[in-house]
file work.tsv (TSV, C-alpha atoms and all ligand atoms)
chain	number	residue	atom	x	y	z
A	1388	MET	CA	0.00	0.00	0.00
A	1389	ARG	CA	1.19	3.54	-0.75
A	1390	ASP	CA	1.95	5.95	2.10
A	1391	PHE	CA	-0.94	8.38	2.29
A	1392	ARG	CA	-0.47	11.93	3.55
A	1393	ILE	CA	-3.14	14.42	4.55
A	1394	ALA	CA	-2.37	18.10	4.00
A	1395	PRO	CA	-4.93	20.54	5.44
A	1396	SER	CA	-5.01	23.86	3.57
A	1397	LEU	CA	-4.75	26.84	5.88
A	1398	LEU	CA	-6.89	28.80	3.42
A	1399	SER	CA	-9.98	27.67	5.33
A	1400	ALA	CA	-8.44	28.11	8.81
A	1401	ASP	CA	-9.20	30.97	11.19
A	1402	PHE	CA	-6.65	33.58	10.10
A	1403	ALA	CA	-6.94	35.36	13.44
A	1404	CYS	CA	-5.22	32.40	15.13
A	1405	LEU	CA	-3.13	30.62	12.54
A	1406	GLY	CA	-0.48	29.26	14.92
A	1407	GLN	CA	-3.15	27.49	16.95
A	1408	GLU	CA	-4.84	26.23	13.79
A	1409	VAL	CA	-1.54	24.71	12.62
A	1410	ARG	CA	-0.93	23.01	15.97
A	1411	ASP	CA	-4.51	21.75	16.23
A	1412	VAL	CA	-4.60	20.16	12.82
A	1413	ILE	CA	-1.25	18.40	13.28
A	1414	ALA	CA	-2.35	17.19	16.73
A	1415	ALA	CA	-5.50	15.90	15.02
A	1416	GLY	CA	-3.39	13.64	12.80
A	1417	ALA	CA	-2.48	15.68	9.71
A	1418	ASP	CA	0.92	15.15	8.08
A	1419	ILE	CA	1.64	18.35	6.16
A	1420	ILE	CA	0.56	22.00	6.24
A	1421	HIS	CA	-0.60	23.22	2.82
A	1422	PHE	CA	0.03	26.97	2.43
A	1423	ASP	CA	-1.79	28.70	-0.44
A	1424	VAL	CA	-0.14	31.83	-1.80
A	1425	MET	CA	-2.33	33.93	-4.13
A	1426	ASP	CA	-1.28	37.21	-5.72
A	1427	ASN	CA	-4.40	38.75	-7.31
A	1428	HIS	CA	-2.63	38.46	-10.67
A	1429	TYR	CA	-2.12	34.80	-11.50
A	1430	VAL	CA	-5.34	34.07	-9.58
A	1431	PRO	CA	-8.13	36.50	-8.66
A	1432	ASN	CA	-7.55	36.37	-4.91
A	1433	LEU	CA	-4.98	37.59	-2.41
A	1434	THR	CA	-3.74	35.59	0.57
A	1435	VAL	CA	-0.47	35.38	2.44
A	1436	GLY	CA	3.27	35.74	1.86
A	1437	PRO	CA	6.59	34.73	3.40
A	1438	LEU	CA	6.01	36.73	6.60
A	1439	VAL	CA	3.06	34.52	7.52
A	1440	CYS	CA	4.97	31.37	6.60
A	1441	GLU	CA	7.75	32.48	8.92
A	1442	ALA	CA	5.21	33.19	11.67
A	1443	ILE	CA	3.69	29.70	11.56
A	1444	ARG	CA	7.02	27.89	11.17
A	1445	PRO	CA	7.72	27.62	14.93
A	1446	HIS	CA	4.31	26.06	15.53
A	1447	THR	CA	5.10	22.70	13.89
A	1448	THR	CA	7.86	20.40	12.72
A	1449	ALA	CA	5.56	19.04	9.99
A	1450	PRO	CA	6.53	19.96	6.43
A	1451	ILE	CA	5.12	23.23	5.09
A	1452	ASP	CA	3.96	22.75	1.49
A	1453	VAL	CA	3.91	26.17	-0.18
A	1454	HIS	CA	1.61	26.27	-3.21
A	1455	LEU	CA	2.55	29.36	-5.23
A	1456	MET	CA	-0.33	30.73	-7.29
A	1457	VAL	CA	1.73	33.72	-8.36
A	1458	LYS	CA	3.29	35.23	-11.47
A	1459	PRO	CA	6.20	35.82	-11.72
A	1460	VAL	CA	7.48	33.03	-9.47
A	1461	ASP	CA	11.25	33.26	-9.07
A	1462	SER	CA	11.73	36.18	-6.69
A	1463	LEU	CA	9.46	34.56	-4.09
A	1464	VAL	CA	11.35	31.25	-4.02
A	1465	PRO	CA	14.31	32.31	-1.82
A	1466	MET	CA	11.95	34.29	0.39
A	1467	PHE	CA	9.77	31.26	1.13
A	1468	ALA	CA	12.81	29.01	1.58
A	1469	LYS	CA	14.12	31.46	4.16
A	1470	ALA	CA	10.68	31.59	5.80
A	1471	GLY	CA	10.79	27.85	6.46
A	1472	ALA	CA	9.08	26.21	3.48
A	1473	ASP	CA	9.93	22.54	2.93
A	1474	ILE	CA	8.18	22.04	-0.40
A	1475	ILE	CA	7.55	24.75	-3.01
A	1476	THR	CA	5.25	24.12	-5.97
A	1477	PHE	CA	4.34	26.49	-8.81
A	1478	HIS	CA	2.22	26.54	-11.95
A	1479	PRO	CA	4.43	25.99	-15.03
A	1480	GLU	CA	2.57	28.52	-17.17
A	1481	ALA	CA	3.38	31.19	-14.55
A	1482	SER	CA	7.14	30.81	-15.03
A	1483	GLU	CA	9.06	31.95	-18.12
A	1484	HIS	CA	11.76	29.32	-17.48
A	1485	ILE	CA	10.45	26.22	-15.74
A	1486	ASP	CA	13.76	24.42	-15.51
A	1487	ARG	CA	15.39	27.49	-13.98
A	1488	THR	CA	12.62	27.93	-11.41
A	1489	LEU	CA	12.83	24.26	-10.41
A	1490	GLY	CA	16.60	24.65	-10.08
A	1491	LEU	CA	16.15	27.71	-7.88
A	1492	ILE	CA	13.83	25.81	-5.55
A	1493	LYS	CA	16.26	22.88	-5.26
A	1494	GLU	CA	19.24	25.21	-4.72
A	1495	SER	CA	17.34	26.90	-1.92
A	1496	GLY	CA	17.12	23.53	-0.15
A	1497	CYS	CA	13.43	22.81	-0.73
A	1498	LYS	CA	11.61	20.05	-2.54
A	1499	ALA	CA	10.15	21.21	-5.84
A	1500	GLY	CA	6.93	20.51	-7.68
A	1501	LEU	CA	4.77	21.54	-10.62
A	1502	VAL	CA	1.05	22.25	-10.34
A	1503	PHE	CA	-1.44	21.44	-13.09
A	1504	ASN	CA	-4.72	23.30	-13.48
A	1505	PRO	CA	-7.65	21.34	-14.89
A	1506	GLY	CA	-6.82	22.74	-18.36
A	1507	THR	CA	-3.02	22.47	-18.19
A	1508	SER	CA	-1.25	19.66	-20.05
A	1509	LEU	CA	0.96	17.19	-18.20
A	1510	SER	CA	3.43	17.55	-21.08
A	1511	TYR	CA	5.17	20.24	-19.00
A	1512	LEU	CA	6.62	17.25	-17.12
A	1513	ASP	CA	8.32	15.85	-20.22
A	1514	HIS	CA	11.81	17.25	-19.71
A	1515	VAL	CA	11.98	18.02	-16.00
A	1516	MET	CA	11.13	14.79	-14.19
A	1517	ASP	CA	14.68	14.66	-12.78
A	1518	LYS	CA	14.08	17.93	-10.91
A	1519	ILE	CA	10.67	17.10	-9.50
A	1520	ASP	CA	9.75	15.85	-6.03
A	1521	MET	CA	6.01	16.45	-6.32
A	1522	VAL	CA	3.30	16.65	-8.95
A	1523	LEU	CA	0.20	18.54	-7.83
A	1524	ILE	CA	-3.01	18.01	-9.76
A	1525	MET	CA	-5.65	20.70	-9.24
A	1526	SER	CA	-9.15	19.31	-9.06
A	1527	VAL	CA	-10.62	22.84	-9.07
A	1528	ASN	CA	-9.53	26.00	-10.84
A	1529	PRO	CA	-7.18	27.74	-8.40
A	1530	GLY	CA	-8.14	30.85	-6.46
A	1531	PHE	CA	-10.70	29.85	-3.86
A	1532	GLY	CA	-11.37	27.24	-1.22
A	1533	GLY	CA	-14.68	25.44	-0.97
A	1534	GLN	CA	-15.19	24.64	-4.68
A	1535	SER	CA	-16.51	21.32	-5.99
A	1536	PHE	CA	-14.19	18.56	-7.15
A	1537	ILE	CA	-13.99	18.38	-10.96
A	1538	PRO	CA	-14.45	14.64	-11.72
A	1539	HIS	CA	-12.28	14.76	-14.84
A	1540	ALA	CA	-9.29	15.34	-12.55
A	1541	LEU	CA	-9.33	11.64	-11.68
A	1542	GLU	CA	-8.16	10.74	-15.20
A	1543	LYS	CA	-5.39	13.29	-14.91
A	1544	VAL	CA	-4.31	11.83	-11.57
A	1545	ALA	CA	-4.15	8.38	-13.17
A	1546	ALA	CA	-2.09	9.74	-16.07
A	1547	ALA	CA	0.31	11.48	-13.67
A	1548	ARG	CA	0.58	8.25	-11.63
A	1549	GLN	CA	1.62	6.40	-14.74
A	1550	ARG	CA	4.28	8.97	-15.64
A	1551	ILE	CA	5.68	8.94	-12.11
A	1552	ASP	CA	5.76	5.14	-11.88
A	1553	GLU	CA	7.46	4.81	-15.25
A	1554	TYR	CA	10.05	7.40	-14.31
A	1555	THR	CA	10.84	6.09	-10.82
A	1556	ALA	CA	10.98	2.46	-12.03
A	1557	LYS	CA	13.75	3.53	-14.40
A	1558	HIS	CA	15.57	6.17	-12.41
A	1559	GLY	CA	14.66	5.56	-8.77
A	1560	GLY	CA	13.79	8.35	-6.37
A	1561	GLU	CA	10.44	9.36	-4.99
A	1562	ILE	CA	7.87	11.74	-6.46
A	1563	TRP	CA	4.73	12.52	-4.50
A	1564	LEU	CA	1.39	12.90	-6.26
A	1565	GLU	CA	-0.81	15.46	-4.55
A	1566	VAL	CA	-4.40	16.45	-5.34
A	1567	ASP	CA	-5.85	19.82	-4.37
A	1568	GLY	CA	-9.43	21.08	-4.49
A	1569	GLY	CA	-12.75	19.73	-3.28
A	1570	VAL	CA	-11.26	16.69	-1.57
A	1571	LYS	CA	-13.66	15.39	1.11
A	1572	VAL	CA	-14.31	12.23	3.13
A	1573	ASP	CA	-16.70	11.00	0.46
A	1574	ASN	CA	-14.31	11.25	-2.50
A	1575	ILE	CA	-10.84	10.76	-0.98
A	1576	ALA	CA	-10.89	7.01	-1.66
A	1577	ALA	CA	-11.62	7.56	-5.35
A	1578	VAL	CA	-8.79	10.09	-5.53
A	1579	ALA	CA	-6.42	7.59	-3.89
A	1580	ALA	CA	-7.61	4.78	-6.17
A	1581	ALA	CA	-6.74	6.98	-9.15
A	1582	GLY	CA	-3.18	7.13	-7.84
A	1583	ALA	CA	-2.77	10.09	-5.47
A	1584	ASP	CA	-0.76	9.75	-2.26
A	1585	THR	CA	-1.07	13.26	-0.80
A	1586	PHE	CA	-4.42	14.95	-0.22
A	1587	VAL	CA	-5.02	18.65	0.30
A	1588	ALA	CA	-8.25	19.42	2.12
A	1589	GLY	CA	-9.20	22.91	3.22
A	1590	SER	CA	-12.90	23.37	3.84
A	1591	ALA	CA	-13.46	19.64	4.50
A	1592	ILE	CA	-11.22	19.82	7.58
A	1593	TYR	CA	-11.29	23.42	8.78
A	1594	GLY	CA	-14.99	23.69	8.07
A	1595	GLN	CA	-15.75	21.14	10.81
A	1596	ALA	CA	-15.42	21.62	14.54
A	1597	ASP	CA	-13.71	18.27	15.17
A	1598	TYR	CA	-10.59	18.10	12.99
A	1599	GLN	CA	-9.58	14.74	14.43
A	1600	ALA	CA	-12.90	13.16	13.46
A	1601	VAL	CA	-12.60	14.35	9.84
A	1602	ILE	CA	-8.99	13.22	9.49
A	1603	ALA	CA	-9.82	9.83	11.06
A	1604	ALA	CA	-12.74	9.44	8.66
A	1605	MET	CA	-10.43	10.27	5.74
A	1606	ARG	CA	-7.89	7.69	6.92
A	1607	ALA	CA	-10.64	5.10	7.29
A	1608	GLU	CA	-11.62	5.73	3.66
A	1609	LEU	CA	-7.97	5.52	2.57
A	1610	ALA	CA	-7.60	2.18	4.37
A	1611	LYS	CA	-10.21	0.75	1.99
A	1612	VAL	CA	-7.97	1.50	-1.00
A	1613	ALA	CA	-5.72	-1.39	-1.95
A	1701	LIG	C1	-7.36	26.49	-4.29
A	1701	LIG	C2	-6.30	26.12	-3.28
A	1701	LIG	C3	-6.66	24.94	-2.45
A	1701	LIG	C4	-7.89	25.14	-1.62
A	1701	LIG	C5	-8.43	23.82	-1.18
A	1701	LIG	O1	-6.87	27.47	-5.13
A	1701	LIG	O2	-5.09	25.83	-3.93
A	1701	LIG	O3	-5.57	24.52	-1.65
A	1701	LIG	O4	-7.66	25.92	-0.51
A	1701	LIG	O5	-9.59	24.07	-0.49
A	1701	LIG	P1	-10.82	23.05	-0.53
A	1701	LIG	O6	-10.30	21.77	0.06
A	1701	LIG	O7	-11.83	23.73	0.30
A	1701	LIG	O8	-11.20	22.89	-1.97
A	1702	ZN	ZN	-3.45	24.74	-2.80
call {"tool": "encode", "arguments": {"input": "work.tsv", "output": "structure tokens"}}
result
Amino acid sequence: MRDFRIAPSLLSADFACLGQEVRDVIAAGADIIHFDVMDNHYVPNLTVGPLVCEAIRPHTTAPIDVHLMVKPVDSLVPMFAKAGADIITFHPEASEHIDRTLGLIKESGCKAGLVFNPGTSLSYLDHVMDKIDMVLIMSVNPGFGGQSFIPHALEKVAAARQRIDEYTAKHGGEIWLEVDGGVKVDNIAAVAAAGADTFVAGSAIYGQADYQAVIAAMRAELAKVA
């Protein structure tokens, strides 16, 4: 069985007490903190930057997974690395030089990943698999929490799974396959069955009072997946 990781998105947390929200969700059984950065340019919404990443960093030893929905990308990479990011992902169409941006992320000591919108082709992976630690498939169009899962994303997850398995069988290494958008207790098993190993969930977790109950229910669903 694959290792499954649950990554609550802080986008749906209470921003007036983010440190507590980080601690609570990790204590409730989450593995990773997903940190959504929006710039009101690449996506029509504005969230948080490196200062907030730095502020939450002391609240957990869990990896912080910074999802950059920004354009341009490069200048923010060293800033987030310095602010304590462990993983930095970006949208390939938001970077003029994908290979260079991936290199920047690796040089800054972080794991690197590409993010694919529902309408973005996986062919961006063709020549950069050697620089990638994570592939993130969006199952909503980026910009907002609380949207509905786009079912077609399951086929894309399966296609990404195949690419990753073919690459790692030949070259070794580990590449995580994350899915982001509309993931809930009632669809997480289908997302895992399609091939994902890392699950972002914002509103599904932070929208409930009992984080532990939601995460336990998600793990129970994941346990059903062979
Ligand atoms: C969307 C963000 C997601 C979002 C997930 O642009 O990248 O991380 O917060 O939220 P839910 O789980 O509510 O769809
Ligand atoms: Zn995200």
call {"tool": "residues_near_ligand", "arguments": {"input": "work.tsv", "ligand": "ligand LIG 1701 (chain A)", "cutoff": "10 Å", "atoms": "all atoms listed in the file", "output": "ChimeraX atom specification"}}
result
/A:1394-1400,1421-1425,1430-1432,1453-1456,1502,1504,1523-1536,1566-1571,1586-1594
call {"tool": "residues_around", "arguments": {"input": "work.tsv", "residues": "Leu1438 of chain A", "least_positions_apart": "5", "cutoff": "9 Å", "atoms": "all atoms listed in the file", "output": "number ranges by chain"}}
result
A: 1443, 1466-1467, 1470
call {"tool": "residues_around", "arguments": {"input": "work.tsv", "residues": "Ser1495 of chain A", "least_positions_apart": "5", "cutoff": "12 Å", "atoms": "all atoms listed in the file", "output": "list of chain:residue names"}}
result
A:Asp1461, A:Ser1462, A:Leu1463, A:Val1464, A:Pro1465, A:Met1466, A:Phe1467, A:Ala1468, A:Lys1469, A:Ala1470, A:Gly1471, A:Ala1472, A:Asp1473, A:Ile1474, A:Ile1475, A:Thr1488, A:Leu1489, A:Gly1490
call {"tool": "residues_near_point", "arguments": {"input": "work.tsv", "point": "(-4.5, 14.1, -7.5)", "cutoff": "10 Å", "atoms": "all atoms listed in the file", "output": "PDB file with C-alpha atoms, in the frame of the given file"}}
result
ATOM      1  CA  PHE A1503      -1.440  21.440 -13.090  1.00  0.00           C
ATOM      2  CA  VAL A1522       3.300  16.650  -8.950  1.00  0.00           C
ATOM      3  CA  LEU A1523       0.200  18.540  -7.830  1.00  0.00           C
ATOM      4  CA  ILE A1524      -3.010  18.010  -9.760  1.00  0.00           C
ATOM      5  CA  MET A1525      -5.650  20.700  -9.240  1.00  0.00           C
ATOM      6  CA  SER A1526      -9.150  19.310  -9.060  1.00  0.00           C
ATOM      7  CA  ALA A1540      -9.290  15.340 -12.550  1.00  0.00           C
ATOM      8  CA  LEU A1541      -9.330  11.640 -11.680  1.00  0.00           C
ATOM      9  CA  GLU A1542      -8.160  10.740 -15.200  1.00  0.00           C
ATOM     10  CA  LYS A1543      -5.390  13.290 -14.910  1.00  0.00           C
ATOM     11  CA  VAL A1544      -4.310  11.830 -11.570  1.00  0.00           C
ATOM     12  CA  ALA A1545      -4.150   8.380 -13.170  1.00  0.00           C
ATOM     13  CA  ALA A1546      -2.090   9.740 -16.070  1.00  0.00           C
ATOM     14  CA  ALA A1547       0.310  11.480 -13.670  1.00  0.00           C
ATOM     15  CA  ARG A1548       0.580   8.250 -11.630  1.00  0.00           C
ATOM     16  CA  TRP A1563       4.730  12.520  -4.500  1.00  0.00           C
ATOM     17  CA  LEU A1564       1.390  12.900  -6.260  1.00  0.00           C
ATOM     18  CA  GLU A1565      -0.810  15.460  -4.550  1.00  0.00           C
ATOM     19  CA  VAL A1566      -4.400  16.450  -5.340  1.00  0.00           C
ATOM     20  CA  ASP A1567      -5.850  19.820  -4.370  1.00  0.00           C
ATOM     21  CA  GLY A1568      -9.430  21.080  -4.490  1.00  0.00           C
ATOM     22  CA  VAL A1570     -11.260  16.690  -1.570  1.00  0.00           C
ATOM     23  CA  ILE A1575     -10.840  10.760  -0.980  1.00  0.00           C
ATOM     24  CA  ALA A1577     -11.620   7.560  -5.350  1.00  0.00           C
ATOM     25  CA  VAL A1578      -8.790  10.090  -5.530  1.00  0.00           C
ATOM     26  CA  ALA A1579      -6.420   7.590  -3.890  1.00  0.00           C
ATOM     27  CA  ALA A1580      -7.610   4.780  -6.170  1.00  0.00           C
ATOM     28  CA  ALA A1581      -6.740   6.980  -9.150  1.00  0.00           C
ATOM     29  CA  GLY A1582      -3.180   7.130  -7.840  1.00  0.00           C
ATOM     30  CA  ALA A1583      -2.770  10.090  -5.470  1.00  0.00           C
ATOM     31  CA  ASP A1584      -0.760   9.750  -2.260  1.00  0.00           C
ATOM     32  CA  THR A1585      -1.070  13.260  -0.800  1.00  0.00           C
ATOM     33  CA  PHE A1586      -4.420  14.950  -0.220  1.00  0.00           C
ATOM     34  CA  VAL A1587      -5.020  18.650   0.300  1.00  0.00           C
TER      35      VAL A1587
END
call {"tool": "closest_residue", "arguments": {"input": "work.tsv", "among": "A:Ile1492, A:Leu1501, A:Met1605, A:Leu1433", "to": "Asp1513 of chain A", "atoms": "only C-alpha atoms"}}
result
A:Leu1501
call {"tool": "build_atoms", "arguments": {"input": "work.tsv", "residues": "segment 1410-1421 of chain A", "atoms": "all heavy atoms", "output": "PDB file, keeping the file's coordinate frame"}}
result
ATOM      1  N   ARG A1410      -1.176  24.003  14.906  1.00  0.00           N
ATOM      2  CA  ARG A1410      -0.930  23.010  15.970  1.00  0.00           C
ATOM      3  C   ARG A1410      -2.104  22.051  16.090  1.00  0.00           C
ATOM      4  O   ARG A1410      -1.930  20.843  16.226  1.00  0.00           O
ATOM      5  CB  ARG A1410      -0.673  23.705  17.315  1.00  0.00           C
ATOM      6  CG  ARG A1410       0.648  24.462  17.367  1.00  0.00           C
ATOM      7  CD  ARG A1410       1.084  24.743  18.794  1.00  0.00           C
ATOM      8  NE  ARG A1410       0.074  25.485  19.544  1.00  0.00           N
ATOM      9  CZ  ARG A1410      -0.033  26.807  19.550  1.00  0.00           C
ATOM     10  NH1 ARG A1410       0.817  27.549  18.843  1.00  0.00           N
ATOM     11  NH2 ARG A1410      -0.975  27.411  20.238  1.00  0.00           N
ATOM     12  N   ASP A1411      -3.309  22.583  16.035  1.00  0.00           N
ATOM     13  CA  ASP A1411      -4.510  21.750  16.230  1.00  0.00           C
ATOM     14  C   ASP A1411      -4.640  20.692  15.139  1.00  0.00           C
ATOM     15  O   ASP A1411      -4.975  19.538  15.418  1.00  0.00           O
ATOM     16  CB  ASP A1411      -5.775  22.613  16.241  1.00  0.00           C
ATOM     17  CG  ASP A1411      -5.915  23.397  17.538  1.00  0.00           C
ATOM     18  OD1 ASP A1411      -5.108  23.152  18.469  1.00  0.00           O
ATOM     19  OD2 ASP A1411      -6.808  24.270  17.611  1.00  0.00           O
ATOM     20  N   VAL A1412      -4.373  21.089  13.907  1.00  0.00           N
ATOM     21  CA  VAL A1412      -4.600  20.160  12.820  1.00  0.00           C
ATOM     22  C   VAL A1412      -3.508  19.060  12.798  1.00  0.00           C
ATOM     23  O   VAL A1412      -3.787  17.907  12.454  1.00  0.00           O
ATOM     24  CB  VAL A1412      -4.743  20.974  11.515  1.00  0.00           C
ATOM     25  CG1 VAL A1412      -3.432  21.189  10.805  1.00  0.00           C
ATOM     26  CG2 VAL A1412      -5.768  20.413  10.627  1.00  0.00           C
ATOM     27  N   ILE A1413      -2.315  19.417  13.192  1.00  0.00           N
ATOM     28  CA  ILE A1413      -1.250  18.400  13.280  1.00  0.00           C
ATOM     29  C   ILE A1413      -1.547  17.470  14.466  1.00  0.00           C
ATOM     30  O   ILE A1413      -1.438  16.240  14.344  1.00  0.00           O
ATOM     31  CB  ILE A1413       0.137  19.075  13.403  1.00  0.00           C
ATOM     32  CG1 ILE A1413       0.478  19.853  12.120  1.00  0.00           C
ATOM     33  CG2 ILE A1413       1.223  18.037  13.717  1.00  0.00           C
ATOM     34  CD1 ILE A1413       0.606  19.028  10.842  1.00  0.00           C
ATOM     35  N   ALA A1414      -1.979  18.029  15.577  1.00  0.00           N
ATOM     36  CA  ALA A1414      -2.350  17.190  16.730  1.00  0.00           C
ATOM     37  C   ALA A1414      -3.519  16.273  16.377  1.00  0.00           C
ATOM     38  O   ALA A1414      -3.664  15.176  16.931  1.00  0.00           O
ATOM     39  CB  ALA A1414      -2.723  18.084  17.922  1.00  0.00           C
ATOM     40  N   ALA A1415      -4.338  16.697  15.434  1.00  0.00           N
ATOM     41  CA  ALA A1415      -5.500  15.900  15.020  1.00  0.00           C
ATOM     42  C   ALA A1415      -5.124  14.803  14.023  1.00  0.00           C
ATOM     43  O   ALA A1415      -5.992  14.061  13.572  1.00  0.00           O
ATOM     44  CB  ALA A1415      -6.565  16.820  14.412  1.00  0.00           C
ATOM     45  N   GLY A1416      -3.829  14.748  13.645  1.00  0.00           N
ATOM     46  CA  GLY A1416      -3.390  13.640  12.800  1.00  0.00           C
ATOM     47  C   GLY A1416      -2.978  13.998  11.385  1.00  0.00           C
ATOM     48  O   GLY A1416      -2.682  13.101  10.588  1.00  0.00           O
ATOM     49  N   ALA A1417      -2.920  15.298  11.056  1.00  0.00           N
ATOM     50  CA  ALA A1417      -2.480  15.680   9.710  1.00  0.00           C
ATOM     51  C   ALA A1417      -0.970  15.513   9.582  1.00  0.00           C
ATOM     52  O   ALA A1417      -0.246  15.481  10.581  1.00  0.00           O
ATOM     53  CB  ALA A1417      -2.876  17.127   9.427  1.00  0.00           C
ATOM     54  N   ASP A1418      -0.503  15.420   8.332  1.00  0.00           N
ATOM     55  CA  ASP A1418       0.920  15.150   8.080  1.00  0.00           C
ATOM     56  C   ASP A1418       1.689  16.375   7.594  1.00  0.00           C
ATOM     57  O   ASP A1418       2.893  16.465   7.781  1.00  0.00           O
ATOM     58  CB  ASP A1418       1.047  14.064   6.994  1.00  0.00           C
ATOM     59  CG  ASP A1418       0.312  12.796   7.376  1.00  0.00           C
ATOM     60  OD1 ASP A1418       0.736  12.147   8.341  1.00  0.00           O
ATOM     61  OD2 ASP A1418      -0.703  12.465   6.722  1.00  0.00           O
ATOM     62  N   ILE A1419       0.996  17.251   6.907  1.00  0.00           N
ATOM     63  CA  ILE A1419       1.640  18.350   6.160  1.00  0.00           C
ATOM     64  C   ILE A1419       0.748  19.576   6.293  1.00  0.00           C
ATOM     65  O   ILE A1419      -0.479  19.445   6.368  1.00  0.00           O
ATOM     66  CB  ILE A1419       1.719  17.966   4.657  1.00  0.00           C
ATOM     67  CG1 ILE A1419       2.666  16.780   4.448  1.00  0.00           C
ATOM     68  CG2 ILE A1419       2.129  19.146   3.778  1.00  0.00           C
ATOM     69  CD1 ILE A1419       2.636  16.226   3.027  1.00  0.00           C
ATOM     70  N   ILE A1420       1.356  20.764   6.299  1.00  0.00           N
ATOM     71  CA  ILE A1420       0.560  22.000   6.240  1.00  0.00           C
ATOM     72  C   ILE A1420       0.634  22.552   4.814  1.00  0.00           C
ATOM     73  O   ILE A1420       1.724  22.823   4.295  1.00  0.00           O
ATOM     74  CB  ILE A1420       1.114  23.058   7.236  1.00  0.00           C
ATOM     75  CG1 ILE A1420       0.971  22.566   8.691  1.00  0.00           C
ATOM     76  CG2 ILE A1420       0.423  24.402   7.036  1.00  0.00           C
ATOM     77  CD1 ILE A1420      -0.457  22.373   9.173  1.00  0.00           C
ATOM     78  N   HIS A1421      -0.528  22.682   4.181  1.00  0.00           N
ATOM     79  CA  HIS A1421      -0.600  23.220   2.820  1.00  0.00           C
ATOM     80  C   HIS A1421      -0.856  24.728   2.912  1.00  0.00           C
ATOM     81  O   HIS A1421      -1.814  25.168   3.545  1.00  0.00           O
ATOM     82  CB  HIS A1421      -1.710  22.522   2.042  1.00  0.00           C
ATOM     83  CG  HIS A1421      -1.791  22.901   0.602  1.00  0.00           C
ATOM     84  ND1 HIS A1421      -0.962  22.370  -0.362  1.00  0.00           N
ATOM     85  CD2 HIS A1421      -2.607  23.764  -0.055  1.00  0.00           C
ATOM     86  CE1 HIS A1421      -1.265  22.880  -1.550  1.00  0.00           C
ATOM     87  NE2 HIS A1421      -2.261  23.736  -1.392  1.00  0.00           N
TER      88      HIS A1421
END
